[in-house]
Amino acid sequence: MMEASAVNGATSYSGDTSEITLSPTPENIQSSMTDKKKMKDSNGMVESITNQVSPMNNFPLFMSLTLRSLGIIFGDIGTSPLYVVNTVFANVKEPNEQQCVGIISLIIWNLIVVVSIKYAIFILMADNRGEGGTFALCGLLTGESGPFRTRAKKVVAIISILAASLLIGDGALTPAVSVLSAVEGLAVSTPNLQKWVLPITIVIIILLFLAQQYGTGKIGILFGPIMVIWFLTLFSIGVWRITFHPKILRAFNPFEALHYLIREKKTGFLQISSVFLSVTGLEALYADLGHFGRWPVRTSWFLVVLPSVTVNYLGQGALLAINPTLIANPFYNAAPASSLGFIPPVRVHHTSKRIIGQIYVPAINWILMLLTLAVTLYFQRSSDMTHAYGVT
């Protein structure tokens with residue numbers, strides 16, 4: 001446990017506390033990443049580096065990080081089935097079977113190409129000594145060994161700041177739309193709860209942000225098993241619905257997605273922004289790389305998350321192909337019942353003695369909570385919020 005104070009970008013440690021105050025600069029990004037490998041815990045043992053964890057290396061830690069990543073990283077993508085399909089068909093009263101197959105095909109191949117191939121396979125390889133995220137990538141490109149010259153490095157830095165700004169907007173909208181969509185589902189079976197949807201959402205959001213101070217390790221242990229149950233539920237609902245209309249499996253054919261866009265023309269093109277809601281929160285795969293490591297994140301995605309959400313989308317498509325009047329809420333109807341000097345100094349709590357990447361930043365947490373509450377109160381309905389989400 002240690003305390004750090006920053007003077008002119010240099011960080012020093014003293015005392016017995018887990019708080020660090022960082023005033024990062026571009027010059028110390030590489031040294032700070034190097035120091036990570038040298039840090040030891042209170043017992044003097046060498047720190048565990050998450051990018052070295054794999055099924056063949058430190059299997060118990062690998063399984064622990066895999067479970068925790070389910071509770072931290074994949075909450076957004078895992079809850080996207082709550083609202084994606086009805087958002088895509090927002091302007092379609094009763095979609096026909098071809099439209100259902102086409103849209104589900106677009107969603108499936110969006111998950112395969114964007115998340116599985118682009119992020120899970122390639123982008124996760126672009127770590128900065130085990131760390132991921134916008135500024136970690138910026139550090140790779142603008143460091144002394146980077147591929148660009150000075151002027152190009154400045155452009156990369158500006159782009160990184162813009163990307164981080166969009167990420168803040170995403171960080172405010174994502175929990176709002178996820179929680180609000182989930183609570184709105186209660187009103188499907190119990191209409192009398194409609195007036196309580198917004199108050200319940202506000203309370204849940206506040207509780208979620210209050211819990212962030214305990215760190216990704218403890219939160220992951222709590223929510224990891226919950227998310228396992230959630231993904232099993234998604235998978236089970238999907239399989240059950242597919243049995244009623246197996247023709248929906250045609251959505252695995254990528255030409256169904258292409259034919260849909262050609263057939264629907266302008267309407268299909270405009271629906272693409274809503275289709276991308278199916279990968280909401282995918283940036284967390286890379287941003288939280290330092291928390292869990294490359295192989296735990298990949299394992300969670302390919303073995304648990306991808307099969308679950310894919311089958312659930314297929315199940316929703318099968319439901320609408322049979323009964324398109326249920327488009328208002330197909331999910332519930334389907335159920336059987338900072339180190340680059342770009343920010344001011346902030347206080348950072350290290351929540352793990354073993355993994356330096358697991359941190360909690362109070363200032364950022366409370367700012368995001370206020371932004372999330374603000375957008376929730378402003379939009380009040382997830383159907384209105386998803387359109388704003390597509391912009392970010």
# chains A, B, ... in the order shown; residues from 1 in each chain; ligands from 1

$ residues_around --residues "Leu373 of chain A" --least-positions-apart "3" --cutoff "9 Å" --atoms "only C-alpha atoms" --output "mmCIF file with all heavy atoms, in the first residue's frame"
data_model
loop_
_atom_site.group_PDB
_atom_site.id
_atom_site.type_symbol
_atom_site.label_atom_id
_atom_site.label_comp_id
_atom_site.auth_asym_id
_atom_site.auth_seq_id
_atom_site.Cartn_x
_atom_site.Cartn_y
_atom_site.Cartn_z
ATOM 1 N N ALA A 172 -21.214 7.611 -20.112
ATOM 2 C CA ALA A 172 -22.417 8.149 -19.462
ATOM 3 C C ALA A 172 -23.688 7.520 -20.030
ATOM 4 O O ALA A 172 -24.628 7.219 -19.287
ATOM 5 C CB ALA A 172 -22.456 9.666 -19.625
ATOM 6 N N ALA A 176 -26.737 4.138 -18.524
ATOM 7 C CA ALA A 176 -28.097 4.676 -18.483
ATOM 8 C C ALA A 176 -29.044 3.854 -19.343
ATOM 9 O O ALA A 176 -30.119 3.439 -18.893
ATOM 10 C CB ALA A 176 -28.096 6.136 -18.945
ATOM 11 N N ILE A 202 -32.827 5.342 -11.425
ATOM 12 C CA ILE A 202 -31.939 6.300 -10.758
ATOM 13 C C ILE A 202 -31.267 5.662 -9.551
ATOM 14 O O ILE A 202 -30.051 5.805 -9.336
ATOM 15 C CB ILE A 202 -32.736 7.554 -10.324
ATOM 16 C CG1 ILE A 202 -33.285 8.301 -11.542
ATOM 17 C CG2 ILE A 202 -31.863 8.475 -9.480
ATOM 18 C CD1 ILE A 202 -32.235 8.823 -12.470
ATOM 19 N N ILE A 205 -28.591 3.086 -10.672
ATOM 20 C CA ILE A 205 -27.397 3.744 -11.213
ATOM 21 C C ILE A 205 -26.522 4.301 -10.091
ATOM 22 O O ILE A 205 -25.294 4.141 -10.097
ATOM 23 C CB ILE A 205 -27.802 4.866 -12.191
ATOM 24 C CG1 ILE A 205 -28.360 4.261 -13.489
ATOM 25 C CG2 ILE A 205 -26.614 5.776 -12.505
ATOM 26 C CD1 ILE A 205 -28.924 5.283 -14.443
ATOM 27 N N ILE A 206 -27.148 4.932 -9.110
ATOM 28 C CA ILE A 206 -26.383 5.478 -7.985
ATOM 29 C C ILE A 206 -25.669 4.357 -7.228
ATOM 30 O O ILE A 206 -24.487 4.475 -6.880
ATOM 31 C CB ILE A 206 -27.308 6.268 -7.041
ATOM 32 C CG1 ILE A 206 -27.812 7.540 -7.735
ATOM 33 C CG2 ILE A 206 -26.576 6.637 -5.746
ATOM 34 C CD1 ILE A 206 -28.814 8.324 -6.928
ATOM 35 N N LEU A 368 -18.939 10.646 -14.092
ATOM 36 C CA LEU A 368 -19.726 9.765 -14.960
ATOM 37 C C LEU A 368 -21.096 9.470 -14.357
ATOM 38 O O LEU A 368 -22.090 9.358 -15.079
ATOM 39 C CB LEU A 368 -18.965 8.456 -15.203
ATOM 40 C CG LEU A 368 -17.889 8.486 -16.288
ATOM 41 C CD1 LEU A 368 -17.198 7.139 -16.372
ATOM 42 C CD2 LEU A 368 -18.463 8.870 -17.633
ATOM 43 N N MET A 369 -21.150 9.334 -13.024
ATOM 44 C CA MET A 369 -22.444 9.084 -12.392
ATOM 45 C C MET A 369 -23.393 10.252 -12.628
ATOM 46 O O MET A 369 -24.562 10.062 -12.983
ATOM 47 C CB MET A 369 -22.277 8.863 -10.883
ATOM 48 C CG MET A 369 -23.580 8.464 -10.193
ATOM 49 S SD MET A 369 -23.505 8.452 -8.381
ATOM 50 C CE MET A 369 -23.606 10.223 -8.057
ATOM 51 N N LEU A 370 -22.896 11.483 -12.449
ATOM 52 C CA LEU A 370 -23.730 12.661 -12.653
ATOM 53 C C LEU A 370 -24.170 12.779 -14.109
ATOM 54 O O LEU A 370 -25.331 13.107 -14.396
ATOM 55 C CB LEU A 370 -22.971 13.920 -12.218
ATOM 56 C CG LEU A 370 -22.684 14.044 -10.716
ATOM 57 C CD1 LEU A 370 -21.827 15.276 -10.435
ATOM 58 C CD2 LEU A 370 -23.989 14.110 -9.923
ATOM 59 N N THR A 376 -30.207 10.143 -18.150
ATOM 60 C CA THR A 376 -31.376 9.325 -17.812
ATOM 61 C C THR A 376 -32.594 10.200 -17.559
ATOM 62 O O THR A 376 -33.699 9.928 -18.050
ATOM 63 C CB THR A 376 -31.089 8.475 -16.563
ATOM 64 O OG1 THR A 376 -29.957 7.637 -16.813
ATOM 65 C CG2 THR A 376 -32.289 7.580 -16.229
ATOM 66 N N LEU A 377 -32.410 11.269 -16.785
ATOM 67 C CA LEU A 377 -33.515 12.174 -16.490
ATOM 68 C C LEU A 377 -33.963 12.941 -17.731
ATOM 69 O O LEU A 377 -35.142 13.271 -17.880
ATOM 70 C CB LEU A 377 -33.094 13.161 -15.394
ATOM 71 C CG LEU A 377 -32.917 12.549 -13.994
ATOM 72 C CD1 LEU A 377 -32.277 13.561 -13.056
ATOM 73 C CD2 LEU A 377 -34.263 12.082 -13.448
ATOM 74 N N TYR A 378 -33.010 13.221 -18.634
ATOM 75 C CA TYR A 378 -33.355 13.987 -19.830
ATOM 76 C C TYR A 378 -34.167 13.146 -20.814
ATOM 77 O O TYR A 378 -35.210 13.571 -21.307
ATOM 78 C CB TYR A 378 -32.088 14.509 -20.508
ATOM 79 C CG TYR A 378 -32.360 15.279 -21.781
ATOM 80 C CD1 TYR A 378 -32.786 16.601 -21.743
ATOM 81 C CD2 TYR A 378 -32.189 14.679 -23.030
ATOM 82 C CE1 TYR A 378 -33.045 17.309 -22.899
ATOM 83 C CE2 TYR A 378 -32.444 15.370 -24.199
ATOM 84 C CZ TYR A 378 -32.866 16.693 -24.124
ATOM 85 O OH TYR A 378 -33.127 17.387 -25.279
#

$ atom_distance --atom1 "atom CA of Gly71 of chain A" --atom2 "atom CA of Ser274 of chain A"
24.6 Å

$ closest_residue --among "A:Leu173, A:Ile77, A:Val115, A:Ala251" --to "Leu371 of chain A" --atoms "only C-alpha atoms"
A:Leu173

$ atom_distance --atom1 "atom CA of Cys100 of chain A" --atom2 "atom CA of Ser382 of chain A"
21.5 Å

$ atom_distance --atom1 "atom CA of Lys154 of chain A" --atom2 "atom CA of Leu166 of chain A"
18.8 Å

$ closest_residue --among "A:Leu124, A:Val305, A:Ile107, A:Phe74" --to "Leu234 of chain A" --atoms "only C-alpha atoms"
A:Val305

$ select_by_dssp --residues "segment 48-297 of chain A" --states "strand (DSSP E or B)" --output "NGL selection string"
:A and (54 or 57 or 128 or 131)

$ residues_around --residues "Val85 of chain A" --least-positions-apart "2" --cutoff "10 Å" --atoms "only C-alpha atoms" --output "ChimeraX atom specification"
/A:80-83,87-90,100,103-104,107,274-275,277-278,313,316-317,320,327-331

$ residues_around --residues "Ala334 of chain A" --least-positions-apart "6" --cutoff "7 Å" --atoms "only C-alpha atoms" --output "list of chain:residue names"
A:Ile237, A:Arg241, A:Gln316, A:Leu319

$ write_last_selection --atoms "C-alpha atoms" --output "short mmCIF file (atom, residue, chain, number, x, y, z; two decimals), in the first residue's frame"
data_model
loop_
_atom_site.label_atom_id
_atom_site.label_comp_id
_atom_site.auth_asym_id
_atom_site.auth_seq_id
_atom_site.Cartn_x
_atom_site.Cartn_y
_atom_site.Cartn_z
CA ILE A 237 -34.18 -18.29 -24.19
CA ARG A 241 -37.30 -19.73 -29.41
CA GLN A 316 -35.74 -12.83 -30.93
CA LEU A 319 -40.16 -14.82 -32.33
#

$ closest_residue --among "A:Leu106, A:Leu306, A:Leu249, A:Ala157" --to "Ala321 of chain A" --atoms "only C-alpha atoms"
A:Leu249

$ residues_around --residues "Leu186 of chain A" --least-positions-apart "4" --cutoff "12 Å" --atoms "only C-alpha atoms" --output "list in words"
Leu82, Val179, Leu180, Ser181, Ala182, Thr190, Pro191, Asn192, Leu193, Gln194, Lys195, Trp196, Val197, Leu198, Ile200, Thr201, Asn329, Phe331, Tyr332, Asn333 and Ala337 of chain A

$ write_last_selection --atoms "N, CA and C atoms" --output "PDB file, in the first residue's frame"
ATOM      1  N   LEU A  82     -31.429  -6.484 -24.802  1.00  0.00           N
ATOM      2  CA  LEU A  82     -32.618  -5.895 -24.198  1.00  0.00           C
ATOM      3  C   LEU A  82     -33.298  -4.887 -25.119  1.00  0.00           C
ATOM      4  N   VAL A 179     -29.396   0.046 -17.902  1.00  0.00           N
ATOM      5  CA  VAL A 179     -30.229  -0.079 -16.701  1.00  0.00           C
ATOM      6  C   VAL A 179     -31.681   0.288 -17.007  1.00  0.00           C
ATOM      7  N   LEU A 180     -31.874   1.384 -17.752  1.00  0.00           N
ATOM      8  CA  LEU A 180     -33.236   1.821 -18.063  1.00  0.00           C
ATOM      9  C   LEU A 180     -33.982   0.767 -18.884  1.00  0.00           C
ATOM     10  N   SER A 181     -33.299   0.154 -19.850  1.00  0.00           N
ATOM     11  CA  SER A 181     -33.935  -0.888 -20.661  1.00  0.00           C
ATOM     12  C   SER A 181     -34.318  -2.089 -19.812  1.00  0.00           C
ATOM     13  N   ALA A 182     -33.430  -2.448 -18.882  1.00  0.00           N
ATOM     14  CA  ALA A 182     -33.711  -3.592 -18.015  1.00  0.00           C
ATOM     15  C   ALA A 182     -34.920  -3.328 -17.129  1.00  0.00           C
ATOM     16  N   THR A 190     -45.844  -6.139 -15.679  1.00  0.00           N
ATOM     17  CA  THR A 190     -46.571  -5.437 -14.621  1.00  0.00           C
ATOM     18  C   THR A 190     -46.718  -3.969 -15.006  1.00  0.00           C
ATOM     19  N   PRO A 191     -47.718  -3.616 -15.795  1.00  0.00           N
ATOM     20  CA  PRO A 191     -47.897  -2.237 -16.268  1.00  0.00           C
ATOM     21  C   PRO A 191     -47.996  -1.209 -15.147  1.00  0.00           C
ATOM     22  N   ASN A 192     -48.440  -1.625 -13.962  1.00  0.00           N
ATOM     23  CA  ASN A 192     -48.570  -0.683 -12.854  1.00  0.00           C
ATOM     24  C   ASN A 192     -47.225  -0.125 -12.400  1.00  0.00           C
ATOM     25  N   LEU A 193     -46.147  -0.807 -12.785  1.00  0.00           N
ATOM     26  CA  LEU A 193     -44.808  -0.351 -12.402  1.00  0.00           C
ATOM     27  C   LEU A 193     -44.264   0.729 -13.328  1.00  0.00           C
ATOM     28  N   GLN A 194     -44.991   1.084 -14.370  1.00  0.00           N
ATOM     29  CA  GLN A 194     -44.489   2.032 -15.359  1.00  0.00           C
ATOM     30  C   GLN A 194     -44.046   3.345 -14.723  1.00  0.00           C
ATOM     31  N   LYS A 195     -44.818   3.843 -13.771  1.00  0.00           N
ATOM     32  CA  LYS A 195     -44.481   5.127 -13.142  1.00  0.00           C
ATOM     33  C   LYS A 195     -43.252   5.038 -12.245  1.00  0.00           C
ATOM     34  N   TRP A 196     -42.860   3.812 -11.903  1.00  0.00           N
ATOM     35  CA  TRP A 196     -41.698   3.621 -11.038  1.00  0.00           C
ATOM     36  C   TRP A 196     -40.421   3.313 -11.812  1.00  0.00           C
ATOM     37  N   VAL A 197     -40.518   3.205 -13.128  1.00  0.00           N
ATOM     38  CA  VAL A 197     -39.353   2.833 -13.935  1.00  0.00           C
ATOM     39  C   VAL A 197     -38.197   3.818 -13.751  1.00  0.00           C
ATOM     40  N   LEU A 198     -38.474   5.097 -13.888  1.00  0.00           N
ATOM     41  CA  LEU A 198     -37.410   6.100 -13.784  1.00  0.00           C
ATOM     42  C   LEU A 198     -36.820   6.168 -12.374  1.00  0.00           C
ATOM     43  N   ILE A 200     -36.657   3.845 -10.047  1.00  0.00           N
ATOM     44  CA  ILE A 200     -35.886   2.622  -9.804  1.00  0.00           C
ATOM     45  C   ILE A 200     -34.562   2.671 -10.557  1.00  0.00           C
ATOM     46  N   THR A 201     -34.599   3.170 -11.798  1.00  0.00           N
ATOM     47  CA  THR A 201     -33.376   3.288 -12.598  1.00  0.00           C
ATOM     48  C   THR A 201     -32.365   4.208 -11.928  1.00  0.00           C
ATOM     49  N   ASN A 329     -41.244  -5.050 -27.637  1.00  0.00           N
ATOM     50  CA  ASN A 329     -40.242  -5.518 -26.678  1.00  0.00           C
ATOM     51  C   ASN A 329     -39.976  -7.005 -26.903  1.00  0.00           C
ATOM     52  N   PHE A 331     -37.370  -8.874 -26.573  1.00  0.00           N
ATOM     53  CA  PHE A 331     -36.572  -9.630 -25.599  1.00  0.00           C
ATOM     54  C   PHE A 331     -37.449 -10.197 -24.494  1.00  0.00           C
ATOM     55  N   TYR A 332     -38.237  -9.339 -23.867  1.00  0.00           N
ATOM     56  CA  TYR A 332     -39.064  -9.802 -22.758  1.00  0.00           C
ATOM     57  C   TYR A 332     -40.204 -10.694 -23.245  1.00  0.00           C
ATOM     58  N   ASN A 333     -40.665 -10.440 -24.438  1.00  0.00           N
ATOM     59  CA  ASN A 333     -41.710 -11.305 -24.990  1.00  0.00           C
ATOM     60  C   ASN A 333     -41.164 -12.674 -25.384  1.00  0.00           C
ATOM     61  N   ALA A 337     -41.176 -16.708 -19.195  1.00  0.00           N
ATOM     62  CA  ALA A 337     -41.829 -15.924 -18.174  1.00  0.00           C
ATOM     63  C   ALA A 337     -41.078 -14.526 -18.160  1.00  0.00           C
TER      64      ALA A 337
END

$ residues_around --residues "Arg298 of chain A" --least-positions-apart "4" --cutoff "12 Å" --atoms "only C-alpha atoms" --output "number ranges by chain"
A: 51, 53-55, 62, 65-67, 69-70, 73-74, 115-125, 285-286, 289, 292-294, 302-306

$ residues_around --residues "Thr280 of chain A" --least-positions-apart "2" --cutoff "10 Å" --atoms "only C-alpha atoms" --output "ChimeraX atom specification"
/A:74-80,84,170,174,178,275-278,282-284,389-390

$ write_last_selection --atoms "all heavy atoms" --output "compact mmCIF listing (two decimals), in the first residue's frame"
# COMPACT_ATOMS: atom_id res chain seq x y z
N PHE A 74 -18.17 -7.25 -19.90
CA PHE A 74 -19.23 -7.66 -20.83
C PHE A 74 -20.64 -7.36 -20.35
O PHE A 74 -21.61 -7.91 -20.89
CB PHE A 74 -19.08 -9.15 -21.14
CG PHE A 74 -17.78 -9.47 -21.83
CD1 PHE A 74 -16.75 -10.10 -21.15
CD2 PHE A 74 -17.58 -9.12 -23.16
CE1 PHE A 74 -15.55 -10.40 -21.78
CE2 PHE A 74 -16.39 -9.41 -23.80
CZ PHE A 74 -15.37 -10.05 -23.11
N GLY A 75 -20.79 -6.50 -19.37
CA GLY A 75 -22.12 -6.12 -18.93
C GLY A 75 -22.89 -5.36 -20.00
O GLY A 75 -24.10 -5.52 -20.14
N ASP A 76 -22.18 -4.53 -20.78
CA ASP A 76 -22.83 -3.71 -21.81
C ASP A 76 -23.27 -4.55 -23.01
O ASP A 76 -24.43 -4.51 -23.43
CB ASP A 76 -21.90 -2.59 -22.26
CG ASP A 76 -21.58 -1.63 -21.14
OD1 ASP A 76 -22.44 -1.47 -20.25
OD2 ASP A 76 -20.49 -1.06 -21.12
N ILE A 77 -22.33 -5.31 -23.57
CA ILE A 77 -22.68 -6.17 -24.70
C ILE A 77 -23.69 -7.22 -24.26
O ILE A 77 -24.60 -7.57 -25.02
CB ILE A 77 -21.42 -6.84 -25.28
CG1 ILE A 77 -20.51 -5.81 -25.94
CG2 ILE A 77 -21.78 -7.92 -26.28
CD1 ILE A 77 -19.26 -6.37 -26.56
N GLY A 78 -23.57 -7.68 -23.04
CA GLY A 78 -24.48 -8.69 -22.54
C GLY A 78 -25.91 -8.22 -22.34
O GLY A 78 -26.84 -9.02 -22.38
N THR A 79 -26.09 -6.92 -22.14
CA THR A 79 -27.44 -6.39 -21.96
C THR A 79 -27.98 -5.73 -23.23
O THR A 79 -29.13 -5.30 -23.24
CB THR A 79 -27.47 -5.34 -20.82
OG1 THR A 79 -26.48 -4.33 -21.07
CG2 THR A 79 -27.20 -6.00 -19.48
N SER A 80 -27.19 -5.68 -24.29
CA SER A 80 -27.67 -5.08 -25.54
C SER A 80 -28.86 -5.82 -26.14
O SER A 80 -29.68 -5.18 -26.81
CB SER A 80 -26.52 -4.98 -26.56
OG SER A 80 -25.99 -6.25 -26.87
N VAL A 84 -31.74 -3.76 -28.63
CA VAL A 84 -31.22 -3.58 -29.99
C VAL A 84 -32.28 -3.85 -31.06
O VAL A 84 -32.51 -3.03 -31.96
CB VAL A 84 -29.98 -4.46 -30.24
CG1 VAL A 84 -29.60 -4.45 -31.72
CG2 VAL A 84 -28.81 -3.96 -29.41
N ASP A 170 -19.78 7.93 -24.12
CA ASP A 170 -20.21 6.54 -24.13
C ASP A 170 -20.36 6.01 -22.70
O ASP A 170 -21.29 5.28 -22.39
CB ASP A 170 -19.19 5.70 -24.90
CG ASP A 170 -19.52 4.22 -24.88
OD1 ASP A 170 -20.33 3.80 -25.72
OD2 ASP A 170 -18.98 3.50 -24.04
N THR A 174 -24.01 4.54 -21.80
CA THR A 174 -24.12 3.09 -21.76
C THR A 174 -24.80 2.56 -20.50
O THR A 174 -25.75 1.78 -20.59
CB THR A 174 -22.73 2.44 -21.93
OG1 THR A 174 -22.21 2.77 -23.22
CG2 THR A 174 -22.82 0.93 -21.81
N SER A 178 -28.58 0.80 -20.53
CA SER A 178 -28.63 -0.60 -20.11
C SER A 178 -29.58 -0.79 -18.92
O SER A 178 -30.43 -1.68 -18.92
CB SER A 178 -27.23 -1.10 -19.75
OG SER A 178 -26.37 -1.06 -20.87
N VAL A 275 -27.92 -1.05 -35.53
CA VAL A 275 -27.29 -2.37 -35.48
C VAL A 275 -26.01 -2.32 -34.65
O VAL A 275 -25.69 -3.26 -33.91
CB VAL A 275 -26.99 -2.89 -36.90
CG1 VAL A 275 -26.09 -4.13 -36.86
CG2 VAL A 275 -28.28 -3.21 -37.63
N PHE A 276 -25.29 -1.21 -34.73
CA PHE A 276 -24.04 -1.09 -33.98
C PHE A 276 -24.26 -1.01 -32.47
O PHE A 276 -23.31 -1.12 -31.69
CB PHE A 276 -23.24 0.14 -34.45
CG PHE A 276 -22.31 -0.17 -35.59
CD1 PHE A 276 -22.67 0.13 -36.89
CD2 PHE A 276 -21.09 -0.77 -35.37
CE1 PHE A 276 -21.83 -0.17 -37.96
CE2 PHE A 276 -20.23 -1.08 -36.42
CZ PHE A 276 -20.61 -0.77 -37.71
N LEU A 277 -25.51 -0.82 -32.06
CA LEU A 277 -25.80 -0.88 -30.63
C LEU A 277 -25.53 -2.28 -30.07
O LEU A 277 -25.34 -2.45 -28.87
CB LEU A 277 -27.26 -0.51 -30.37
CG LEU A 277 -27.65 0.96 -30.61
CD1 LEU A 277 -29.16 1.12 -30.46
CD2 LEU A 277 -26.93 1.88 -29.65
N SER A 278 -25.49 -3.28 -30.94
CA SER A 278 -25.25 -4.64 -30.49
C SER A 278 -23.83 -4.83 -29.98
O SER A 278 -23.55 -5.82 -29.28
CB SER A 278 -25.52 -5.65 -31.62
OG SER A 278 -24.66 -5.42 -32.73
N LEU A 282 -17.95 -2.39 -26.49
CA LEU A 282 -16.85 -3.25 -26.95
C LEU A 282 -15.49 -2.63 -26.67
O LEU A 282 -14.49 -3.35 -26.57
CB LEU A 282 -16.98 -3.54 -28.45
CG LEU A 282 -16.39 -2.53 -29.45
CD1 LEU A 282 -16.26 -3.19 -30.81
CD2 LEU A 282 -17.21 -1.28 -29.57
N GLU A 283 -15.44 -1.29 -26.53
CA GLU A 283 -14.15 -0.65 -26.25
C GLU A 283 -13.56 -1.10 -24.92
O GLU A 283 -12.36 -1.00 -24.68
CB GLU A 283 -14.29 0.88 -26.27
CG GLU A 283 -15.08 1.47 -25.11
CD GLU A 283 -16.57 1.31 -25.28
OE1 GLU A 283 -17.04 1.03 -26.40
OE2 GLU A 283 -17.29 1.46 -24.27
N ALA A 284 -14.41 -1.65 -24.04
CA ALA A 284 -13.93 -2.13 -22.75
C ALA A 284 -13.00 -3.33 -22.90
O ALA A 284 -12.15 -3.58 -22.04
CB ALA A 284 -15.11 -2.50 -21.85
N TYR A 389 -27.19 7.41 -28.39
CA TYR A 389 -26.07 6.51 -28.20
C TYR A 389 -25.37 6.20 -29.51
O TYR A 389 -24.15 6.09 -29.58
CB TYR A 389 -26.54 5.21 -27.53
CG TYR A 389 -25.41 4.30 -27.17
CD1 TYR A 389 -24.80 4.37 -25.93
CD2 TYR A 389 -24.94 3.35 -28.08
CE1 TYR A 389 -23.75 3.55 -25.60
CE2 TYR A 389 -23.88 2.52 -27.76
CZ TYR A 389 -23.30 2.62 -26.51
OH TYR A 389 -22.26 1.81 -26.20
N GLY A 390 -26.14 6.07 -30.58
CA GLY A 390 -25.55 5.77 -31.88
C GLY A 390 -24.59 6.84 -32.35
O GLY A 390 -23.63 6.56 -33.07
